[in-house]
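Chemist: Quick one: the structure is below, questions incoming.
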Amino acid sequence: MSLSVVVTIVLPVLLIAAGVAVDGAEQARAARIAHTVAAEAARAGCEAGSAAQLVGQDGSGLARQAAQESARSAGAERMSQLVIEVRGDAVSVATEVTRPTRLLSLIGVTEVHGQAHELCTLVPR
């Protein structure tokens, strides 16, 4: 077996393995960003709507607006999805963050995604 045959077989395998390692880290980063944005937005929504909720008024509009502002200002570059639901005393935020690949784009995988869902509920004490 000549050296060129070994290089022809082994080099693509090594590139794919490196791509999985590098772009796997990008996917983990996307998931971390998605979780951070969702948690911050849910918390902001609960805080904004809590005052109205505690005195028996509907704070869902304030909660939704605060959650949207928090998610947008969190600097989540490439946030491809943001879903905010306010039901009673609960604020639910689902996010998806898209990041470009670095090495796997050589084989046609151009982006990776990270998703998160967070729920904040106002609990009176």
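Residues in the structure tokens are named by chain (A, B, ... in the order shown) and by number from 1 within that chain; ligands are numbered from 1 in the order shown.
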Report as a list in words all protein, DNA and RNA residues lying within 12 Å of Gln65 in chain A, evaluated on only C-alpha atoms, omitting residues in the same chain fewer than 5 positions from it.
Modeler: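 The residues that qualify are Ala41, Ala42, Ala44, Gly45, Cys46, Glu47, Ala48, Gly49, Gly59, Ser60, Ser70, Ala71, Arg72, Ile84, Glu85, Val86 and Val91 of chain A.
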Chemist: What would the file look like if the residues just selected were written as a JSON list (two decimals), in the first residue's frame with N, CA and C atoms?
Modeler:
```
[["chain", "number", "residue", "atom", "x", "y", "z"],
["A", 41, "ALA", "N", -34.91, 35.88, 29.92],
["A", 41, "ALA", "CA", -36.18, 36.41, 29.44],
["A", 41, "ALA", "C", -37.33, 35.95, 30.32],
["A", 42, "ALA", "N", -37.32, 34.69, 30.74],
["A", 42, "ALA", "CA", -38.38, 34.19, 31.62],
["A", 42, "ALA", "C", -38.36, 34.92, 32.96],
["A", 44, "ALA", "N", -37.15, 37.93, 33.57],
["A", 44, "ALA", "CA", -37.57, 39.32, 33.36],
["A", 44, "ALA", "C", -39.08, 39.41, 33.19],
["A", 45, "GLY", "N", -39.66, 38.45, 32.49],
["A", 45, "GLY", "CA", -41.11, 38.43, 32.31],
["A", 45, "GLY", "C", -41.84, 38.24, 33.62],
["A", 46, "CYS", "N", -41.35, 37.32, 34.45],
["A", 46, "CYS", "CA", -41.98, 37.09, 35.76],
["A", 46, "CYS", "C", -41.87, 38.33, 36.65],
["A", 47, "GLU", "N", -40.71, 38.95, 36.65],
["A", 47, "GLU", "CA", -40.54, 40.15, 37.48],
["A", 47, "GLU", "C", -41.45, 41.27, 37.03],
["A", 48, "ALA", "N", -41.58, 41.45, 35.71],
["A", 48, "ALA", "CA", -42.41, 42.56, 35.21],
["A", 48, "ALA", "C", -43.89, 42.33, 35.48],
["A", 49, "GLY", "N", -44.33, 41.09, 35.37],
["A", 49, "GLY", "CA", -45.74, 40.81, 35.56],
["A", 49, "GLY", "C", -46.13, 40.54, 36.99],
["A", 59, "GLY", "N", -51.07, 41.01, 34.35],
["A", 59, "GLY", "CA", -49.74, 41.52, 34.02],
["A", 59, "GLY", "C", -49.12, 40.83, 32.83],
["A", 60, "SER", "N", -49.95, 40.12, 32.04],
["A", 60, "SER", "CA", -49.39, 39.33, 30.94],
["A", 60, "SER", "C", -48.76, 40.19, 29.85],
["A", 70, "SER", "N", -35.80, 41.60, 27.05],
["A", 70, "SER", "CA", -34.66, 40.93, 27.65],
["A", 70, "SER", "C", -33.99, 39.99, 26.66],
["A", 71, "ALA", "N", -34.78, 39.25, 25.91],
["A", 71, "ALA", "CA", -34.21, 38.31, 24.94],
["A", 71, "ALA", "C", -33.48, 39.05, 23.83],
["A", 72, "ARG", "N", -34.05, 40.13, 23.36],
["A", 72, "ARG", "CA", -33.42, 40.89, 22.27],
["A", 72, "ARG", "C", -32.14, 41.58, 22.73],
["A", 84, "ILE", "N", -42.58, 33.21, 23.19],
["A", 84, "ILE", "CA", -42.91, 33.60, 24.56],
["A", 84, "ILE", "C", -44.40, 33.38, 24.79],
["A", 85, "GLU", "N", -44.72, 32.63, 25.82],
["A", 85, "GLU", "CA", -46.11, 32.39, 26.19],
["A", 85, "GLU", "C", -46.31, 32.83, 27.64],
["A", 86, "VAL", "N", -47.37, 33.58, 27.87],
["A", 86, "VAL", "CA", -47.71, 34.02, 29.22],
["A", 86, "VAL", "C", -49.10, 33.48, 29.53],
["A", 91, "VAL", "N", -44.57, 32.31, 32.88],
["A", 91, "VAL", "CA", -43.96, 32.83, 31.66],
["A", 91, "VAL", "C", -43.07, 31.74, 31.10]]
```
Chemist: Using 6 Å as the limit and counting only C-alpha atoms, can you tabulate each residue of range 83-110 of chain A that touches range 15-39 of chain A, with its shortest atom-to-atom distance in Å and the two atoms involved, as JSON lines?
Modeler:
```
{"residue": "A:Val93", "atom": "CA", "partner": "A:Ala38", "partner_atom": "CA", "distance": 5.5}
{"residue": "A:Thr95", "atom": "CA", "partner": "A:Ala34", "partner_atom": "CA", "distance": 5.6}
{"residue": "A:Glu96", "atom": "CA", "partner": "A:Ala34", "partner_atom": "CA", "distance": 5.9}
{"residue": "A:Val97", "atom": "CA", "partner": "A:Ala30", "partner_atom": "CA", "distance": 5.5}
{"residue": "A:Thr101", "atom": "CA", "partner": "A:Asp23", "partner_atom": "CA", "distance": 5.6}
{"residue": "A:Leu103", "atom": "CA", "partner": "A:Gly19", "partner_atom": "CA", "distance": 4.7}
{"residue": "A:Leu104", "atom": "CA", "partner": "A:Gly19", "partner_atom": "CA", "distance": 5.1}
```
Chemist: Any chance you could export the current selection's N, CA, C and O atoms as a PDB file, in the first residue's frame?
Modeler:
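Output saved as part-v1.pdb:
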```pdb
ATOM      1  N   VAL A  93     -40.554  30.609  27.927  1.00  0.00           N
ATOM      2  CA  VAL A  93     -39.736  31.143  26.842  1.00  0.00           C
ATOM      3  C   VAL A  93     -38.990  29.994  26.184  1.00  0.00           C
ATOM      4  O   VAL A  93     -38.301  29.222  26.850  1.00  0.00           O
ATOM      5  N   THR A  95     -36.271  29.252  23.003  1.00  0.00           N
ATOM      6  CA  THR A  95     -35.343  29.906  22.076  1.00  0.00           C
ATOM      7  C   THR A  95     -34.599  28.864  21.262  1.00  0.00           C
ATOM      8  O   THR A  95     -34.435  27.716  21.670  1.00  0.00           O
ATOM      9  N   GLU A  96     -34.139  29.314  20.114  1.00  0.00           N
ATOM     10  CA  GLU A  96     -33.240  28.504  19.289  1.00  0.00           C
ATOM     11  C   GLU A  96     -32.167  29.433  18.741  1.00  0.00           C
ATOM     12  O   GLU A  96     -32.479  30.498  18.212  1.00  0.00           O
ATOM     13  N   VAL A  97     -30.926  29.034  18.893  1.00  0.00           N
ATOM     14  CA  VAL A  97     -29.791  29.823  18.428  1.00  0.00           C
ATOM     15  C   VAL A  97     -29.075  29.025  17.354  1.00  0.00           C
ATOM     16  O   VAL A  97     -28.829  27.824  17.514  1.00  0.00           O
ATOM     17  N   THR A 101     -20.971  26.599  11.153  1.00  0.00           N
ATOM     18  CA  THR A 101     -19.923  25.602  11.375  1.00  0.00           C
ATOM     19  C   THR A 101     -18.610  26.108  10.802  1.00  0.00           C
ATOM     20  O   THR A 101     -18.588  26.996   9.949  1.00  0.00           O
ATOM     21  N   LEU A 103     -15.652  23.623  10.266  1.00  0.00           N
ATOM     22  CA  LEU A 103     -15.045  22.559   9.465  1.00  0.00           C
ATOM     23  C   LEU A 103     -16.071  21.684   8.759  1.00  0.00           C
ATOM     24  O   LEU A 103     -15.818  21.205   7.659  1.00  0.00           O
ATOM     25  N   LEU A 104     -17.202  21.450   9.392  1.00  0.00           N
ATOM     26  CA  LEU A 104     -18.209  20.578   8.785  1.00  0.00           C
ATOM     27  C   LEU A 104     -18.853  21.204   7.558  1.00  0.00           C
ATOM     28  O   LEU A 104     -19.521  20.517   6.794  1.00  0.00           O
TER      29      LEU A 104
END
```
Chemist: Residues of chain A in alpha helix (DSSP H) according to DSSP, as a PyMOL selection string?
Modeler: chain A and resi 3-54+60-73
Chemist: Hey, can you spit out that residue selection with C-alpha atoms as a PDB file, in the first residue's frame?
Modeler:
```
ATOM      1  CA  LEU A   3       1.554   6.424   1.089  1.00  0.00           C
ATOM      2  CA  SER A   4      -0.876   8.294  -1.192  1.00  0.00           C
ATOM      3  CA  VAL A   5      -3.564   5.639  -0.663  1.00  0.00           C
ATOM      4  CA  VAL A   6      -3.214   5.914   3.114  1.00  0.00           C
ATOM      5  CA  VAL A   7      -3.379   9.715   2.957  1.00  0.00           C
ATOM      6  CA  THR A   8      -6.415   9.542   0.669  1.00  0.00           C
ATOM      7  CA  ILE A   9      -8.246   7.327   3.135  1.00  0.00           C
ATOM      8  CA  VAL A  10      -7.057   8.710   6.476  1.00  0.00           C
ATOM      9  CA  LEU A  11      -7.074  12.449   5.750  1.00  0.00           C
ATOM     10  CA  PRO A  12     -10.856  12.767   5.174  1.00  0.00           C
ATOM     11  CA  VAL A  13     -11.529  10.710   8.306  1.00  0.00           C
ATOM     12  CA  LEU A  14      -9.275  12.984  10.353  1.00  0.00           C
ATOM     13  CA  LEU A  15     -10.909  16.107   8.908  1.00  0.00           C
ATOM     14  CA  ILE A  16     -14.371  14.815   9.754  1.00  0.00           C
ATOM     15  CA  ALA A  17     -13.262  13.890  13.286  1.00  0.00           C
ATOM     16  CA  ALA A  18     -11.780  17.367  13.769  1.00  0.00           C
ATOM     17  CA  GLY A  19     -14.958  18.906  12.370  1.00  0.00           C
ATOM     18  CA  VAL A  20     -17.123  16.979  14.809  1.00  0.00           C
ATOM     19  CA  ALA A  21     -14.943  18.129  17.706  1.00  0.00           C
ATOM     20  CA  VAL A  22     -14.736  21.799  16.693  1.00  0.00           C
ATOM     21  CA  ASP A  23     -18.305  22.186  15.509  1.00  0.00           C
ATOM     22  CA  GLY A  24     -19.602  20.104  18.405  1.00  0.00           C
ATOM     23  CA  ALA A  25     -18.187  22.833  20.626  1.00  0.00           C
ATOM     24  CA  GLU A  26     -20.058  25.399  18.508  1.00  0.00           C
ATOM     25  CA  GLN A  27     -23.276  23.460  19.064  1.00  0.00           C
ATOM     26  CA  ALA A  28     -22.619  23.407  22.813  1.00  0.00           C
ATOM     27  CA  ARG A  29     -22.039  27.167  22.676  1.00  0.00           C
ATOM     28  CA  ALA A  30     -25.335  27.647  20.815  1.00  0.00           C
ATOM     29  CA  ALA A  31     -27.168  25.594  23.457  1.00  0.00           C
ATOM     30  CA  ARG A  32     -25.542  27.592  26.273  1.00  0.00           C
ATOM     31  CA  ILE A  33     -26.545  30.895  24.658  1.00  0.00           C
ATOM     32  CA  ALA A  34     -30.094  29.620  24.094  1.00  0.00           C
ATOM     33  CA  HIS A  35     -30.414  28.573  27.752  1.00  0.00           C
ATOM     34  CA  THR A  36     -29.010  31.860  29.014  1.00  0.00           C
ATOM     35  CA  VAL A  37     -31.335  33.954  26.841  1.00  0.00           C
ATOM     36  CA  ALA A  38     -34.403  31.853  27.711  1.00  0.00           C
ATOM     37  CA  ALA A  39     -33.693  31.942  31.455  1.00  0.00           C
ATOM     38  CA  GLU A  40     -33.067  35.690  31.507  1.00  0.00           C
ATOM     39  CA  ALA A  41     -36.178  36.412  29.436  1.00  0.00           C
ATOM     40  CA  ALA A  42     -38.382  34.194  31.616  1.00  0.00           C
ATOM     41  CA  ARG A  43     -37.069  35.829  34.781  1.00  0.00           C
ATOM     42  CA  ALA A  44     -37.571  39.323  33.359  1.00  0.00           C
ATOM     43  CA  GLY A  45     -41.109  38.433  32.312  1.00  0.00           C
ATOM     44  CA  CYS A  46     -41.975  37.091  35.764  1.00  0.00           C
ATOM     45  CA  GLU A  47     -40.535  40.145  37.475  1.00  0.00           C
ATOM     46  CA  ALA A  48     -42.409  42.558  35.211  1.00  0.00           C
ATOM     47  CA  GLY A  49     -45.737  40.815  35.563  1.00  0.00           C
ATOM     48  CA  SER A  50     -45.476  39.939  39.236  1.00  0.00           C
ATOM     49  CA  ALA A  51     -46.551  43.284  40.683  1.00  0.00           C
ATOM     50  CA  ALA A  52     -49.778  43.283  38.709  1.00  0.00           C
ATOM     51  CA  GLN A  53     -50.366  39.589  39.418  1.00  0.00           C
ATOM     52  CA  LEU A  54     -50.005  40.057  43.162  1.00  0.00           C
ATOM     53  CA  SER A  60     -49.387  39.330  30.941  1.00  0.00           C
ATOM     54  CA  GLY A  61     -48.771  42.245  28.564  1.00  0.00           C
ATOM     55  CA  LEU A  62     -46.006  43.642  30.747  1.00  0.00           C
ATOM     56  CA  ALA A  63     -44.524  40.178  31.217  1.00  0.00           C
ATOM     57  CA  ARG A  64     -44.460  39.455  27.469  1.00  0.00           C
ATOM     58  CA  GLN A  65     -42.936  42.841  26.654  1.00  0.00           C
ATOM     59  CA  ALA A  66     -40.237  42.513  29.323  1.00  0.00           C
ATOM     60  CA  ALA A  67     -39.374  38.980  28.173  1.00  0.00           C
ATOM     61  CA  GLN A  68     -39.058  40.126  24.553  1.00  0.00           C
ATOM     62  CA  GLU A  69     -36.879  43.090  25.468  1.00  0.00           C
ATOM     63  CA  SER A  70     -34.662  40.925  27.649  1.00  0.00           C
ATOM     64  CA  ALA A  71     -34.209  38.311  24.940  1.00  0.00           C
ATOM     65  CA  ARG A  72     -33.425  40.892  22.266  1.00  0.00           C
ATOM     66  CA  SER A  73     -30.949  42.772  24.466  1.00  0.00           C
TER      67      SER A  73
END
```
Chemist: In Å, how far is it from CA of Ala74 in chain A to CA of Gly88 in chain A?
Modeler: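 The value is 24.9 Å.
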